[in-house]
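*Asks:* The following block contains the structure, expressed as structure tokens.
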Amino acid sequence: MFVLTAKLSKTKLIAAGVLVVAVILLVVLLLGGGKSVTADLSGKPVGATNQDRVTFLASFGWDVNAEPKEAQTVKIPKSEDNRVFARYNDLQLSQGYDLSSFGGKEVQRYVYEVLNYPDSTSPVYASILVYDGHIIGGDITDTAPDGLIHSFQKPGTTAPSSQPETPSTEAPQETTQATEASSSATQG
């Protein structure tokens with residue numbers, strides 16, 4: 001039997017331990033400790049430029065002002081236990097989007113004024129959510145007292161799937177609160 005011995009000081013032993021822990025943490029972070037949503041972007045429409053977003057809305061028949069009325073960074077809530085987020089995500093799911101995989105991520109929100117909403121007497125806005133240059137969701141909001149928040153599908157046109165509509169008298173307040181909460185979470 002062959003035995004090898006080595007003299008190590010406490011300082012060298014502690015330094016070696018710290019180095020091993022640092023290497024393990026680095027490997028964990030590089031190999032999936034940070035949940036990536038890149039795969040979720042495959043097949044999502046491109047929305048990197050203003051023209052991309054205006055063209056996207058035009059594909060649903062919407063005429064909008066060429067420049068966004070508002071552009072801001074918002075944070076998608078992490079928890080699906082959030083009632084407001086769950087309702088909004090149901091709307092997204094109805095049009096082929098799922099915001100749950102973007103929980104905790106900051107996204108860009110662009111708001112365009114819709115110019116050709118049928119029988120509109122109040123302003124109507126199209127909101128588009130963009131992450132890493134791809135459209136990941138959004139809605140059309142009729143701000144009339146009896147208006148609705150609905151999918152990108154234009155009313156009166158054939159939709160590929162049924163799309164729930166939410167009365168705008170209740171949902172915009174909740175959506176605003178969720179956005180404010182998200183904005184304060186990112187700022188705080």
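Letters A, B, ... go to the chains of the structure tokens in the order shown; residues in each chain start at 1; ligands are counted from 1 in the same order.
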Any idea what's packed within 9 Å of Gly47 in chain A, counting only C-alpha atoms, ignoring anything in its chain fewer than 3 positions away? Could you give it as an MDAnalysis selection string?

*Replies:* chainID A and resid 44 50:54 56 128:136

*Asks:* Go ahead and write the selection's residues with C-alpha atoms as a PDB file, in the first residue's frame.

*Replies:*
ATOM      1  CA  LYS A  44     -43.273  34.651 -32.098  1.00  0.00           C
ATOM      2  CA  ASN A  50     -41.801  50.394 -34.797  1.00  0.00           C
ATOM      3  CA  GLN A  51     -42.532  49.313 -38.383  1.00  0.00           C
ATOM      4  CA  ASP A  52     -42.618  45.640 -37.265  1.00  0.00           C
ATOM      5  CA  ARG A  53     -45.245  46.473 -34.632  1.00  0.00           C
ATOM      6  CA  VAL A  54     -47.384  48.654 -36.935  1.00  0.00           C
ATOM      7  CA  PHE A  56     -48.253  43.319 -36.986  1.00  0.00           C
ATOM      8  CA  ILE A 128     -48.077  45.254 -27.616  1.00  0.00           C
ATOM      9  CA  LEU A 129     -45.660  43.474 -25.263  1.00  0.00           C
ATOM     10  CA  VAL A 130     -42.165  42.874 -26.686  1.00  0.00           C
ATOM     11  CA  TYR A 131     -39.365  40.760 -25.222  1.00  0.00           C
ATOM     12  CA  ASP A 132     -35.997  40.431 -26.932  1.00  0.00           C
ATOM     13  CA  GLY A 133     -37.390  41.835 -30.190  1.00  0.00           C
ATOM     14  CA  HIS A 134     -40.409  39.485 -30.351  1.00  0.00           C
ATOM     15  CA  ILE A 135     -44.086  40.153 -29.690  1.00  0.00           C
ATOM     16  CA  ILE A 136     -45.158  38.047 -26.703  1.00  0.00           C
TER      17      ILE A 136
END

*Asks:* Based on DSSP run over this structure's backbone, return all residues of range 49-94 of chain A in alpha helix (DSSP H), as a list of chain:residue names.

*Replies:*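 Across range 49-94 of chain A, those assigned alpha helix (DSSP H) are A:Asn50, A:Gln51, A:Asp52, A:Arg53, A:Val54, A:Thr55, A:Phe56, A:Leu57, A:Ala58, A:Arg83, A:Val84, A:Phe85, A:Ala86, A:Arg87, A:Tyr88, A:Asn89, A:Asp90, A:Leu91, A:Gln92, A:Leu93, A:Ser94.
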
*Asks:* Keeping only C-alpha atoms, write the selected residues as a compact mmCIF listing (two decimals), in the first residue's frame.

*Replies:*
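Result written to out-v1.txt:
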# COMPACT_ATOMS: atom_id res chain seq x y z
CA ASN A 50 -41.80 50.39 -34.80
CA GLN A 51 -42.53 49.31 -38.38
CA ASP A 52 -42.62 45.64 -37.26
CA ARG A 53 -45.24 46.47 -34.63
CA VAL A 54 -47.38 48.65 -36.93
CA THR A 55 -47.26 45.92 -39.61
CA PHE A 56 -48.25 43.32 -36.99
CA LEU A 57 -51.33 45.36 -36.02
CA ALA A 58 -52.18 45.95 -39.69
CA ARG A 83 -55.69 37.15 -10.00
CA VAL A 84 -55.23 40.11 -12.33
CA PHE A 85 -52.29 38.46 -14.09
CA ALA A 86 -54.21 35.18 -14.40
CA ARG A 87 -57.15 36.95 -16.11
CA TYR A 88 -54.87 38.85 -18.46
CA ASN A 89 -52.90 35.72 -19.26
CA ASP A 90 -56.16 33.90 -20.08
CA LEU A 91 -56.72 36.56 -22.75
CA GLN A 92 -53.16 35.99 -24.01
CA LEU A 93 -53.63 32.22 -24.07
CA SER A 94 -56.77 32.68 -26.19

*Asks:* Pick the closest to Lys105 in chain A from A:Lys75, A:Tyr125, A:Pro68, A:Asp81: which is it, counting only C-alpha atoms?

*Replies:* A:Lys75

*Asks:* Just give me the gap between CA of Tyr112 in chain A and CA of Leu148 in chain A in Å, one decimal is fine.

*Replies:* 16.2 Å

*Asks:* Nearest residue to Trp62 in chain A out of A:Val124, A:Ile76, A:Ala48, A:Leu41, using only C-alpha atoms?

*Replies:*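 Closest to Trp62 in chain A, using only C-alpha atoms: A:Val124.
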
*Asks:* What is the distance, in Å and to one decimal place, between CA of Val64 in chain A and CA of Pro45 in chain A?

*Replies:* 17.9 Å
